[in-house]
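Raw target_14.cif, mmCIF, C-alpha atoms and all ligand atoms:
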```
data_protein
#
loop_
_atom_site.label_atom_id
_atom_site.label_comp_id
_atom_site.auth_asym_id
_atom_site.auth_seq_id
_atom_site.Cartn_x
_atom_site.Cartn_y
_atom_site.Cartn_z
CA MET U 1 14.38 -16.32 -24.32
CA LYS U 2 16.73 -14.91 -21.70
CA SER U 3 17.24 -11.46 -23.11
CA ALA U 4 16.02 -9.28 -25.89
CA PRO U 5 18.55 -6.86 -27.30
CA SER U 6 17.67 -3.32 -28.26
CA LEU U 7 14.31 -3.37 -26.58
CA ARG U 8 12.62 -0.07 -27.06
CA PRO U 9 10.96 1.27 -23.91
CA ILE U 10 7.30 2.05 -24.07
CA SER U 11 6.69 5.42 -22.50
CA PRO U 12 4.85 7.16 -21.29
CA ALA U 13 2.00 4.76 -20.61
CA PRO U 14 -1.28 6.60 -21.12
CA LYS U 15 -3.57 7.23 -18.17
CA PRO U 16 -5.70 4.12 -17.72
CA ARG U 17 -9.29 4.49 -18.69
CA ARG U 18 -12.39 3.71 -16.74
CA ALA U 19 -13.36 1.27 -19.47
CA ASN U 20 -10.73 -1.08 -18.04
CA ALA U 21 -13.13 -1.79 -15.22
CA ARG U 22 -15.00 -4.05 -17.63
CA VAL U 23 -12.29 -6.67 -17.25
CA PRO U 24 -11.35 -6.43 -13.56
CA LYS U 25 -11.04 -10.20 -13.12
CA LEU U 26 -8.39 -10.64 -15.75
CA LEU U 27 -4.83 -9.81 -15.00
CA ILE U 28 -3.97 -8.71 -18.46
CA ALA U 29 -1.74 -6.35 -20.25
CA LEU U 30 -2.61 -5.46 -23.79
CA LEU U 31 -0.29 -4.11 -26.41
CA THR U 32 -1.22 -2.72 -29.75
CA LEU U 33 1.73 -3.08 -32.03
CA MET U 34 2.23 -1.95 -35.60
CA PHE U 35 5.69 -2.47 -37.04
CA ALA U 36 5.32 0.42 -39.43
CA PRO U 37 4.85 3.29 -38.76
CA ALA U 38 5.91 2.09 -35.33
CA LEU U 39 2.85 3.41 -33.60
CA LEU U 40 2.41 2.03 -30.11
CA GLU U 41 -0.51 2.03 -27.80
CA VAL U 42 -0.61 0.46 -24.39
CA VAL U 43 -3.80 -0.27 -22.57
CA SER U 44 -3.01 -1.95 -19.29
CA ALA U 45 -4.81 -3.12 -16.24
CA GLN U 46 -3.27 -0.66 -13.78
CA GLN U 47 -4.15 -2.15 -10.42
CA ILE U 48 -0.99 -2.53 -8.39
CA GLN U 49 0.36 -6.07 -8.24
CA PHE U 50 2.89 -7.38 -5.74
CA ARG U 51 6.12 -9.24 -5.81
CA PRO U 52 6.68 -11.98 -3.19
CA GLY U 53 6.90 -10.78 0.41
CA GLU U 54 10.17 -10.50 2.29
CA LEU U 55 11.09 -9.44 5.82
CA LEU U 56 12.60 -6.05 6.57
CA GLN U 57 16.08 -6.25 8.01
CA ALA U 58 17.84 -4.43 10.85
CA ALA U 59 21.51 -4.99 11.60
CA ASP U 60 21.55 -7.80 9.03
CA ARG U 61 18.79 -9.75 10.74
CA SER U 62 15.05 -9.67 10.47
CA LEU U 63 13.83 -6.50 12.12
CA ASP U 64 11.97 -7.63 15.23
CA VAL U 65 10.38 -5.30 17.80
CA GLY U 66 9.11 -8.05 20.06
CA ASP U 67 5.46 -8.74 19.34
CA TYR U 68 2.49 -7.23 17.60
CA ALA U 69 4.27 -4.78 15.31
CA ILE U 70 2.20 -1.80 14.08
CA PRO U 71 4.31 0.15 11.56
CA CYS U 72 4.19 3.70 10.25
CA VAL U 73 6.74 5.00 7.73
CA ALA U 74 7.75 8.68 7.82
CA ASP U 75 10.85 10.82 7.62
CA TRP U 76 10.89 11.44 11.35
CA ASN U 77 14.06 13.52 11.54
CA GLY U 78 13.59 15.45 8.31
CA ASP U 79 16.82 14.36 6.64
CA GLY U 80 15.11 13.30 3.43
CA ARG U 81 15.26 9.60 4.25
CA LYS U 82 12.23 7.60 5.31
CA ASP U 83 12.33 6.22 8.83
CA LEU U 84 10.22 3.59 10.55
CA LEU U 85 8.07 3.87 13.66
CA VAL U 86 6.67 0.67 15.13
CA GLY U 87 4.23 0.28 18.00
CA TYR U 88 4.82 -2.98 19.83
CA GLN U 89 4.06 -5.35 22.64
CA THR U 90 4.60 -6.17 25.38
CA ALA U 91 5.97 -2.86 26.56
CA GLY U 92 3.23 -0.86 24.86
CA LYS U 93 5.79 1.54 23.39
CA VAL U 94 6.73 3.00 20.00
CA ALA U 95 10.12 2.11 18.52
CA LEU U 96 11.88 4.52 16.20
CA TYR U 97 14.28 3.15 13.59
CA LEU U 98 16.24 5.96 11.93
CA ASN U 99 17.32 5.23 8.36
CA SER U 100 21.11 5.23 7.87
CA GLY U 101 20.83 4.16 4.23
CA SER U 102 19.17 6.14 1.47
CA ASP U 103 15.55 7.10 0.94
CA ALA U 104 15.23 4.54 -1.87
CA SER U 105 17.10 1.81 -0.01
CA PRO U 106 16.57 2.16 3.73
CA VAL U 107 19.03 0.64 6.20
CA PHE U 108 18.20 0.16 9.85
CA THR U 109 20.36 -0.94 12.74
CA THR U 110 18.93 -0.16 16.16
CA SER U 111 15.88 1.51 17.59
CA VAL U 112 15.03 3.83 20.45
CA ASN U 113 11.68 4.29 22.14
CA LEU U 114 9.89 7.49 21.24
CA ARG U 115 9.49 9.84 24.14
CA ALA U 116 6.91 12.50 24.96
CA GLY U 117 6.84 14.88 27.91
CA GLY U 118 10.18 13.51 29.11
CA ALA U 119 9.20 9.81 29.27
CA ASP U 120 8.70 6.92 26.87
CA ILE U 121 5.32 6.90 25.21
CA ASN U 122 3.66 4.04 27.02
CA LEU U 123 0.20 2.75 26.20
CA PRO U 124 0.10 -0.82 27.49
CA SER U 125 -2.69 -3.21 26.62
CA PRO U 126 -3.80 -5.82 29.13
CA GLY U 127 -3.68 -9.45 28.09
CA ASN U 128 -0.86 -8.86 25.62
CA CYS U 129 -3.31 -8.01 22.89
CA GLY U 130 -3.19 -4.62 21.22
CA ALA U 131 -0.32 -2.20 20.88
CA PRO U 132 0.17 1.53 20.28
CA ALA U 133 -0.64 2.40 16.67
CA PRO U 134 1.50 5.36 15.51
CA PHE U 135 0.61 7.72 12.70
CA VAL U 136 2.89 10.61 11.75
CA CYS U 137 1.32 13.81 10.44
CA ASP U 138 1.40 17.56 10.94
CA TYR U 139 -1.67 17.39 13.11
CA ASP U 140 -1.93 21.08 14.06
CA ASN U 141 -0.84 22.42 10.67
CA ASP U 142 2.07 24.45 12.02
CA GLY U 143 4.49 23.01 9.48
CA LYS U 144 6.10 20.54 11.87
CA ARG U 145 5.33 16.84 12.02
CA ASP U 146 3.54 15.50 15.06
CA LEU U 147 2.44 12.08 16.19
CA LEU U 148 -0.93 10.45 16.72
CA VAL U 149 -1.05 7.18 18.60
CA GLY U 150 -4.02 4.86 18.87
CA ASP U 151 -4.45 3.06 22.16
CA GLY U 152 -4.91 -0.70 22.02
CA ALA U 153 -6.55 -1.03 25.42
CA ASN U 154 -9.48 1.34 25.16
CA GLY U 155 -9.63 2.79 21.66
CA TYR U 156 -8.54 6.31 22.52
CA VAL U 157 -6.34 8.39 20.24
CA TYR U 158 -3.60 10.65 21.59
CA PHE U 159 -2.01 13.70 19.97
CA TYR U 160 1.66 14.33 20.72
CA ARG U 161 2.60 17.83 19.59
CA ASN U 162 6.09 18.50 18.26
CA THR U 163 7.31 21.50 20.25
CA ASN U 164 10.71 21.65 18.60
CA THR U 165 11.81 21.25 14.95
CA ASP U 166 11.32 18.76 12.14
CA ALA U 167 15.04 17.87 12.34
CA ASN U 168 14.81 17.11 16.05
CA PRO U 169 11.21 16.53 17.08
CA ILE U 170 10.44 16.87 20.79
CA LEU U 171 6.99 15.69 21.69
CA ASP U 172 4.77 17.22 24.33
CA THR U 173 2.75 15.04 26.67
CA GLY U 174 -0.08 13.29 24.86
CA VAL U 175 -3.52 14.87 24.70
CA ARG U 176 -6.51 12.58 24.28
CA LEU U 177 -8.67 13.52 21.30
CA MET U 178 -12.31 14.44 21.88
CA ALA U 179 -15.44 13.84 19.82
CA GLY U 180 -17.89 16.52 20.83
CA SER U 181 -17.70 16.76 24.63
CA SER U 182 -16.64 13.13 25.13
CA ALA U 183 -13.35 11.33 24.73
CA LEU U 184 -13.04 10.02 21.19
CA THR U 185 -12.92 6.24 21.27
CA VAL U 186 -13.47 3.22 19.04
CA SER U 187 -13.68 0.97 22.14
CA LEU U 188 -10.41 -0.88 21.54
CA ARG U 189 -7.42 -1.29 19.19
CA ALA U 190 -7.57 2.23 17.75
CA THR U 191 -5.52 2.66 14.55
CA PRO U 192 -5.73 6.35 13.55
CA TYR U 193 -5.26 7.78 10.08
CA LEU U 194 -5.85 11.35 8.88
CA TYR U 195 -7.61 11.88 5.57
CA ASP U 196 -10.06 14.43 4.18
CA TRP U 197 -12.85 11.91 3.71
CA ASP U 198 -15.59 14.37 2.73
CA GLY U 199 -13.46 16.68 0.59
CA ASP U 200 -14.16 19.89 2.51
CA GLY U 201 -10.46 20.77 2.82
CA LEU U 202 -10.17 19.66 6.45
CA LYS U 203 -8.52 16.38 7.32
CA ASP U 204 -10.81 14.04 9.16
CA LEU U 205 -9.92 11.12 11.39
CA LEU U 206 -10.43 7.61 10.04
CA CYS U 207 -9.85 4.97 12.67
CA GLY U 208 -9.77 1.18 12.58
CA ASP U 209 -10.86 -0.73 15.66
CA GLY U 210 -10.78 -4.14 17.30
CA TYR U 211 -13.99 -5.29 15.67
CA GLY U 212 -13.06 -4.81 12.03
CA ASN U 213 -15.04 -1.65 11.33
CA VAL U 214 -13.75 1.75 10.24
CA HIS U 215 -14.87 4.93 12.01
CA PHE U 216 -15.19 8.37 10.42
CA PHE U 217 -14.81 11.36 12.71
CA LYS U 218 -15.54 14.52 10.76
CA ASN U 219 -13.31 17.48 11.53
CA ILE U 220 -15.71 20.27 12.45
CA GLY U 221 -12.91 22.46 13.81
CA THR U 222 -10.09 24.00 11.83
CA ALA U 223 -6.85 22.80 10.24
CA GLN U 224 -4.90 24.26 13.16
CA SER U 225 -7.24 23.02 15.85
CA PRO U 226 -9.16 19.95 14.72
CA ALA U 227 -12.37 19.07 16.56
CA TYR U 228 -14.52 16.08 15.82
CA ALA U 229 -18.15 15.24 15.51
CA ALA U 230 -19.38 11.94 16.89
CA GLY U 231 -18.12 9.00 14.86
CA THR U 232 -20.03 7.10 12.20
CA LEU U 233 -19.12 3.83 10.54
CA ILE U 234 -17.74 3.84 7.00
CA GLN U 235 -19.95 2.01 4.51
CA ALA U 236 -18.91 -0.33 1.72
CA GLY U 237 -21.21 -2.10 -0.70
CA GLY U 238 -24.19 -0.51 1.05
CA THR U 239 -23.45 -1.86 4.50
CA ASN U 240 -21.07 -1.18 7.40
CA LEU U 241 -17.59 -2.01 6.21
CA PHE U 242 -16.38 -5.13 7.96
CA LEU U 243 -12.80 -6.20 7.33
CA GLY U 244 -12.27 -8.94 9.87
CA ILE U 245 -11.18 -7.99 13.37
CA ARG U 246 -8.36 -5.48 14.08
CA SER U 247 -8.71 -3.14 11.12
CA VAL U 248 -6.14 -0.65 9.85
CA VAL U 249 -6.86 1.67 6.92
CA ARG U 250 -5.14 3.94 4.46
CA MET U 251 -6.40 5.70 1.33
CA PHE U 252 -4.76 5.79 -2.08
CA ASP U 253 -5.56 5.18 -5.72
CA LEU U 254 -4.75 1.47 -6.03
CA ASP U 255 -6.21 0.97 -9.51
CA GLY U 256 -5.03 4.28 -10.96
CA ASP U 257 -8.48 5.52 -12.02
CA GLY U 258 -8.11 8.89 -10.30
CA ALA U 259 -10.19 8.14 -7.19
CA ALA U 260 -8.52 7.22 -3.90
CA ASP U 261 -9.49 3.73 -2.77
CA MET U 262 -9.50 2.29 0.73
CA VAL U 263 -6.75 -0.23 1.44
CA ALA U 264 -6.91 -2.08 4.70
CA SER U 265 -5.65 -5.00 6.73
CA SER U 266 -7.18 -7.14 9.41
CA ASP U 267 -6.70 -10.49 11.09
CA THR U 268 -7.82 -12.22 7.92
CA GLY U 269 -6.09 -10.46 5.07
CA VAL U 270 -5.21 -7.33 3.13
CA TYR U 271 -8.05 -5.75 1.22
CA TRP U 272 -9.00 -2.93 -1.05
CA CYS U 273 -12.39 -1.32 -1.41
CA ARG U 274 -12.67 0.24 -4.84
CA ASN U 275 -13.92 3.81 -4.75
CA THR U 276 -16.67 4.06 -7.33
CA GLY U 277 -17.39 7.66 -6.35
CA ASN U 278 -14.61 10.22 -6.32
CA SER U 279 -11.94 11.34 -3.91
CA SER U 280 -14.14 13.97 -2.23
CA ALA U 281 -17.26 11.78 -2.06
CA PRO U 282 -16.06 8.19 -1.76
CA VAL U 283 -18.44 5.32 -2.48
CA LEU U 284 -16.75 2.08 -1.53
CA ALA U 285 -17.29 -1.35 -3.02
CA LEU U 286 -17.09 -4.44 -0.82
CA PRO U 287 -13.57 -5.43 0.22
CA VAL U 288 -11.57 -7.64 -2.14
CA ALA U 289 -8.51 -9.54 -0.91
CA LEU U 290 -5.18 -8.50 -2.39
CA ARG U 291 -2.91 -11.28 -3.58
CA ALA U 292 0.81 -11.84 -3.95
CA PRO U 293 2.92 -14.64 -5.44
CA VAL U 294 3.73 -17.64 -3.28
CA SER U 295 6.36 -20.07 -4.52
CA GLY U 296 4.68 -23.09 -6.07
CA SER U 297 1.17 -21.73 -5.57
CA GLY U 298 0.89 -18.73 -7.90
CA LEU U 299 -1.11 -15.75 -6.66
CA GLN U 300 -2.52 -16.25 -3.17
CA PRO U 301 -4.34 -13.89 -0.77
CA ILE U 302 -1.75 -12.02 1.28
CA TYR U 303 -1.52 -13.54 4.72
CA THR U 304 1.41 -13.41 7.13
CA GLY U 305 -0.54 -14.65 10.12
CA HIS U 306 -3.26 -13.02 12.18
CA ARG U 307 -2.85 -9.49 13.52
CA MET U 308 -1.43 -8.09 10.30
CA ARG U 309 -1.08 -4.28 10.46
CA LEU U 310 -0.42 -2.45 7.22
CA ASP U 311 1.13 0.74 6.07
CA TRP U 312 1.59 1.91 2.47
CA VAL U 313 4.55 3.83 1.16
CA ASP U 314 6.68 3.97 -1.95
CA TRP U 315 9.45 2.17 -0.08
CA ASN U 316 11.93 1.97 -2.99
CA ASN U 317 10.98 5.30 -4.62
CA ASP U 318 10.07 3.79 -8.01
CA GLY U 319 6.77 5.64 -8.24
CA VAL U 320 4.60 2.68 -7.24
CA MET U 321 3.24 2.25 -3.74
CA ASP U 322 4.47 -0.71 -1.72
CA LEU U 323 2.95 -2.59 1.18
CA LEU U 324 4.34 -3.09 4.67
CA LEU U 325 2.74 -5.49 7.12
CA GLY U 326 3.50 -5.56 10.83
CA ASN U 327 3.30 -9.11 12.13
CA LEU U 328 2.33 -10.72 15.42
CA ASP U 329 5.88 -12.01 15.92
CA GLY U 330 7.32 -8.47 15.77
CA THR U 331 8.69 -8.69 12.23
CA ILE U 332 7.63 -6.54 9.28
CA SER U 333 6.90 -7.92 5.82
CA TYR U 334 7.56 -5.91 2.68
CA TYR U 335 5.69 -6.46 -0.58
CA GLU U 336 7.05 -4.50 -3.51
CA GLY U 337 4.29 -3.12 -5.68
CA TYR U 338 4.52 -2.98 -9.47
CA ARG U 339 2.30 -2.23 -12.45
CA PHE U 340 1.79 -5.33 -14.53
CA GLY U 341 2.29 -4.39 -18.16
CA PHE U 342 4.53 -4.38 -21.19
CA THR U 343 7.64 -2.26 -20.84
CA ALA U 344 9.44 -2.65 -24.17
CA ILE U 345 9.23 -4.16 -27.63
CA ALA U 346 11.76 -4.68 -30.39
CA ALA U 347 11.63 -5.85 -33.98
CA GLN U 348 14.21 -8.62 -34.35
CA PRO U 349 16.13 -9.87 -37.38
CA GLY U 350 13.98 -12.03 -39.62
CA GLY U 351 10.81 -10.31 -38.57
CA ALA U 352 10.64 -11.66 -35.04
CA CYS U 353 9.13 -9.52 -32.29
CA ALA U 354 10.58 -9.36 -28.76
CA LEU U 355 8.34 -8.39 -25.87
CA GLN U 356 9.29 -7.47 -22.32
CA TRP U 357 7.07 -6.90 -19.32
CA GLN U 358 7.06 -6.16 -15.60
CA SER U 359 6.76 -9.44 -13.73
CA ALA U 360 7.13 -11.13 -10.36
CA ALA U 361 9.05 -14.19 -9.25
CA SER U 362 7.06 -17.39 -8.62
CA LEU U 363 4.59 -16.68 -11.43
CA SER U 364 4.34 -17.88 -15.00
CA TYR U 365 2.82 -16.14 -17.97
CA GLN U 366 0.97 -16.73 -21.19
CA VAL U 367 0.88 -14.61 -24.30
CA LEU U 368 -1.97 -14.43 -26.78
CA ASP U 369 -2.04 -12.68 -30.11
CA GLY U 370 -4.53 -11.88 -32.81
CA PRO U 371 -5.20 -9.67 -35.80
CA SER U 372 -7.21 -7.04 -33.88
CA VAL U 373 -7.83 -5.83 -30.35
CA ALA U 374 -11.20 -7.53 -30.43
CA SER U 375 -9.79 -10.95 -31.31
CA ILE U 376 -6.66 -11.64 -29.29
CA THR U 377 -7.44 -15.31 -28.80
CA ASN U 378 -4.49 -17.19 -30.23
CA LEU U 379 -2.34 -18.66 -27.45
CA VAL U 380 1.22 -18.28 -28.72
CA ALA U 381 3.11 -18.95 -25.48
CA ALA U 382 1.96 -20.89 -22.42
CA ASN U 383 3.47 -21.21 -18.94
CA LEU U 384 6.46 -18.97 -19.55
CA PRO U 385 8.52 -18.96 -16.35
CA SER U 386 9.08 -15.58 -14.77
CA GLY U 387 12.43 -13.94 -15.42
CA GLY U 388 12.15 -12.12 -12.09
CA LYS U 389 11.25 -8.44 -12.08
CA THR U 390 11.09 -8.44 -15.87
CA THR U 391 10.33 -11.26 -18.30
CA CYS U 392 11.08 -11.39 -22.01
CA TRP U 393 9.70 -13.48 -24.84
CA THR U 394 10.17 -13.40 -28.60
CA ASN U 395 7.51 -14.28 -31.10
CA PRO U 396 9.64 -15.90 -33.84
CA SER U 397 7.38 -15.29 -36.81
CA PRO U 398 4.59 -12.82 -36.26
CA ALA U 399 2.37 -11.61 -39.03
CA GLU U 400 2.93 -8.07 -40.22
CA ARG U 401 0.60 -6.60 -37.66
CA ARG U 402 -0.30 -8.34 -34.41
CA PHE U 403 -1.96 -7.41 -31.16
CA TYR U 404 -0.71 -9.00 -27.95
CA ARG U 405 -2.27 -9.77 -24.60
CA LEU U 406 -0.39 -10.93 -21.56
CA GLN U 407 -1.87 -12.97 -18.73
CA ILE U 408 -0.62 -14.48 -15.51
CA ALA U 409 -0.95 -18.21 -16.01
CA PRO U 410 -3.48 -19.82 -13.67
CA CA J 1 14.96 10.28 8.23
CA CA J 2 2.62 20.20 13.86
CA CA J 3 -13.04 16.79 5.89
CA CA J 4 7.67 1.26 -4.86
#
```

Can the structure in the file be given as structure tokens, please?
Amino acid sequence: MKSAPSLRPISPAPKPRRANARVPKLLIALLTLMFAPALLEVVSAQQIQFRPGELLQAADRSLDVGDYAIPCVADWNGDGRKDLLVGYQTAGKVALYLNSGSDASPVFTTSVNLRAGGADINLPSPGNCGAPAPFVCDYDNDGKRDLLVGDGANGYVYFYRNTNTDANPILDTGVRLMAGSSALTVSLRATPYLYDWDGDGLKDLLCGDGYGNVHFFKNIGTAQSPAYAAGTLIQAGGTNLFLGIRSVVRMFDLDGDGAADMVASSDTGVYWCRNTGNSSAPVLALPVALRAPVSGSGLQPIYTGHRMRLDWVDWNNDGVMDLLLGNLDGTISYYEGYRFGFTAIAAQPGGACALQWQSAASLSYQVLDGPSVASITNLVAANLPSGGKTTCWTNPSPAERRFYRLQIAP
């Protein structure tokens, strides 16, 4: 059906339970429905899913910095609207796109190169491989945002201190970070990210490299004046995490179980490593490729070409994190994240039951029902085409009490 009148929203969805991990392979949403006394329970697989990728625009064209885009999203000028910083080839500079739209619907037109110490930040990489990797953070904890930049050529990381205000950042000349008494380096293609990996209250430095590993530099200084121990390699599945060359990492709770997971990109794909420990003592599982719909092919591993460089942000402010990917050709791909699950139900005239769920274009769905949660095996709708961001279907003649399960059709 095209629409379902008077659909009653299901809210709030309860916190997903660990027990959901028993069915990680199935993309399912499960609804317990009782017509009277209208008691609802939703138990959903909460891992973020993605809608099909699209290219970010600037001045009504695809945003294009040149080559080798490495994005970082932050509100650079403190006006409440997210902006976009992009490291790029071949200049080895960092472009700043200020947002002239809204925070939930960014609009970009032109860019300027970020400057520090009176000149453009300039970290060229020989051989046209590698680019500056920006990461915005309040590095020295003085309440004003600063900039870290990873160097493509030699794996150093530079700190550019904001000497002015959040509304008008002015960056000091870059200072190379140290690990112990030596320059901190990951050899090449440094992609810095700050995160309190060991839960001691001090943000540490996580850094991707050109080989596909992830380095942990423990902050043994203070919040105001970070200092780092020698680096060690992050482990996943009991071995050194290897993502495919040119790694970039971020941390957030992808599956909604309360523990921040590692999400990463490399030359080969976009991955998540499930955190089976907790947020202050992460234990990572082996990387699993994230997928997104491709027209005519269903869910496919996300791949926009080699040298993908990710950032994560709630781009459209809907409460679900979204994925940005910098591409080799200088463009940036956007994948809107969503939580796959039922969003509304309605009893219809004649006893029919209308269901509505969050969906993605280029997919199709199947609905099963049954008399109990343990026996939802009756396929009542197969290969339902997606209605776009939401899809509706009406069961014309359900029994008095039915339980429904939703699956993405293979
Ligand atoms: Ca802004
Ligand atoms: Ca600062
Ligand atoms: Ca720490
Ligand atoms: Ca979002």

Residues near region 378-382 of chain U, cut-off 12 Å, all atoms listed in the file, skip fewer than 6 positions along chain, as a list of chain:residue names: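 Residues near the query, excluding close chain neighbours: U:Met1, U:Leu355, U:Ser364, U:Tyr365, U:Gln366, U:Val367, U:Leu368, U:Asp369, U:Gly370, U:Pro371, U:Ser372, U:Cys392, U:Trp393, U:Thr394, U:Asn395, U:Pro396, U:Ser397, U:Pro398, U:Arg402, U:Phe403, U:Tyr404, U:Arg405, U:Leu406, U:Gln407, U:Ile408, U:Ala409, U:Pro410.
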
Check every protein, DNA and RNA residue against ligand CA 3 (chain J), keep those with an atom at most 8 Å away (counting only C-alpha atoms and all ligand atoms), and present them as a list in words. Tyr195, Asp196, Trp197, Asp198, Gly199, Asp200, Gly201, Leu202, Lys203, Asp204, Lys218, Asn219 and Ile220 of chain U

Include C-alpha atoms and write out the residues we just selected as an mmCIF file, keeping the file's coordinate frame.
```cif
data_model
loop_
_atom_site.group_PDB
_atom_site.id
_atom_site.type_symbol
_atom_site.label_atom_id
_atom_site.label_comp_id
_atom_site.auth_asym_id
_atom_site.auth_seq_id
_atom_site.Cartn_x
_atom_site.Cartn_y
_atom_site.Cartn_z
ATOM 1 C CA TYR U 195 -7.610 11.880 5.570
ATOM 2 C CA ASP U 196 -10.060 14.430 4.180
ATOM 3 C CA TRP U 197 -12.850 11.910 3.710
ATOM 4 C CA ASP U 198 -15.590 14.370 2.730
ATOM 5 C CA GLY U 199 -13.460 16.680 0.590
ATOM 6 C CA ASP U 200 -14.160 19.890 2.510
ATOM 7 C CA GLY U 201 -10.460 20.770 2.820
ATOM 8 C CA LEU U 202 -10.170 19.660 6.450
ATOM 9 C CA LYS U 203 -8.520 16.380 7.320
ATOM 10 C CA ASP U 204 -10.810 14.040 9.160
ATOM 11 C CA LYS U 218 -15.540 14.520 10.760
ATOM 12 C CA ASN U 219 -13.310 17.480 11.530
ATOM 13 C CA ILE U 220 -15.710 20.270 12.450
#
```

Just give me the gap between CA of Gly53 (chain U) and CA of Tyr335 (chain U) in Å, one decimal is fine.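 Computing it gives 4.6 Å between the two atoms.
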
Hey, can you check how far atom CA of ligand CA 4 (chain J) sits from CA of Leu194 (chain U)? 21.8 Å

To one decimal place, how far is CA of Leu148 (chain U) from CA of Val186 (chain U) in Å?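 CA of Val186 (chain U) lies at a distance of 14.7 Å from CA of Leu148 (chain U).
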
Within-7 Å residues of ligand CA 2 (chain J), basis all atoms listed in the file, as a list of chain:residue names: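 What falls inside 7 Å of ligand CA 2 (chain J) is U:Asp138, U:Tyr139, U:Asp140, U:Asn141, U:Asp142, U:Gly143, U:Lys144, U:Arg145, U:Asp146, U:Arg161, U:Asn162.
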
Give the residue list for ligand CA 4 (chain J) at 8 Å, counting all atoms listed in the file, as a PyMOL selection string, sorted by chain and then by residue number. chain U and resi 313-322+336-338

Go through U:Phe252, U:Tyr68, U:Trp76, U:Phe50 one by one, measure the shortest atom-to-atom distance of each to ligand CA 1 (chain J) using only C-alpha atoms and all ligand atoms, and give the residue with the smallest value. U:Trp76

Ile121 (chain U) surroundings by only C-alpha atoms, 9 Å radius, close-in-sequence under 5 positions cut, as a PyMOL selection string: chain U and resi 92-94+113-116+132+173-174

Find the residues around Gly66 (chain U) up to 10 Å (only C-alpha atoms counted), leave out those fewer than 6 positions away in its own chain, and share them as a ChimeraX atom specification. /U:87-91,327-331

Show me, as a tab-separated table, the residues of chain U having an atom within 7 Å of ligand CA 1 (chain J), each with the closest atom pair and its distance in Å, using only C-alpha atoms and all ligand atoms.
```
residue	atom	partner	partner_atom	distance
U:Asp75	CA	J:CA1	CA	4.2
U:Trp76	CA	J:CA1	CA	5.3
U:Asn77	CA	J:CA1	CA	4.7
U:Gly78	CA	J:CA1	CA	5.3
U:Asp79	CA	J:CA1	CA	4.8
U:Gly80	CA	J:CA1	CA	5.7
U:Arg81	CA	J:CA1	CA	4.0
U:Lys82	CA	J:CA1	CA	4.8
U:Asp83	CA	J:CA1	CA	4.9
U:Leu98	CA	J:CA1	CA	5.8
U:Asn99	CA	J:CA1	CA	5.6
```

Would you kindly identify which residues have an atom no farther than 8 Å from (11.8, -3.2, -18.6), using all atoms listed in the file and the file's own coordinates, and write them out as a list of chain:residue names?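 Counting all atoms listed in the file, I find these residues within 8 Å of (11.8, -3.2, -18.6): U:Pro9, U:Phe342, U:Thr343, U:Ala344, U:Gln356, U:Trp357, U:Gln358, U:Thr390.
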
Closest-contact table, region 146-250 of chain U side, partner region 254-275 of chain U, 6 Å, counting all atoms listed in the file, as a tab-separated table:
```
residue	atom	partner	partner_atom	distance
U:Gly244	CA	U:Ser266	CA	5.4
U:Ile245	CA	U:Asp267	CA	5.6
U:Arg246	CA	U:Ser266	CA	5.1
U:Ser247	CA	U:Ser266	CA	4.6
U:Val248	CA	U:Ser265	CA	5.4
U:Val249	CA	U:Ala264	CA	4.4
U:Arg250	CA	U:Val263	CA	5.4
```

Do you know which residues are at most 10 Å from Glu54 (chain U) counting all atoms listed in the file, after dropping those on the same chain fewer than 3 positions away, and could you put them as a list in words?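 Those residues are Arg51, Gln57, Ser62, Leu324, Ile332, Ser333, Tyr334, Tyr335 and Glu336 of chain U.
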
Output C-alpha atoms for every residue in that selection, as a PDB file, in the coordinates of the input.
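What ended up in part38.pdb:
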```pdb
ATOM      1  CA  ARG U  51       6.120  -9.240  -5.810  1.00  0.00           C
ATOM      2  CA  GLN U  57      16.080  -6.250   8.010  1.00  0.00           C
ATOM      3  CA  SER U  62      15.050  -9.670  10.470  1.00  0.00           C
ATOM      4  CA  LEU U 324       4.340  -3.090   4.670  1.00  0.00           C
ATOM      5  CA  ILE U 332       7.630  -6.540   9.280  1.00  0.00           C
ATOM      6  CA  SER U 333       6.900  -7.920   5.820  1.00  0.00           C
ATOM      7  CA  TYR U 334       7.560  -5.910   2.680  1.00  0.00           C
ATOM      8  CA  TYR U 335       5.690  -6.460  -0.580  1.00  0.00           C
ATOM      9  CA  GLU U 336       7.050  -4.500  -3.510  1.00  0.00           C
TER      10      GLU U 336
END
```

Would you mind listing what lies within 9 Å of Ala183 (chain U) as a ChimeraX atom specification, with all atoms listed in the file counted and same-chain residues fewer than 6 positions away left out? /U:156-157,176-177

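The nearest approach to Gly210 (chain U) among the residues U:Leu284, U:Ala190, U:Leu241, U:Leu325, with all atoms listed in the file taken into account, belongs to U:Ala190.
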
Using the file's own x, y and z axes, so that the box edges lie along x, y and z, what centre and edge lengths in Å (one decimal) does a box around every listed atom of region 116-126 of chain U get when 4 Å is added on each side? Give it as AutoDock Vina command-line options.
```
--center_x 3.2 --center_y 4.5 --center_z 27.1 --size_x 22.0 --size_y 28.7 --size_z 12.3
```

Around (-11.2, -1.1, 22.1) in the file's own coordinates, what residues are found within 10 Å if you use all atoms listed in the file, given back as number ranges by chain? U: 125, 130, 150-156, 185-190, 208-211, 246
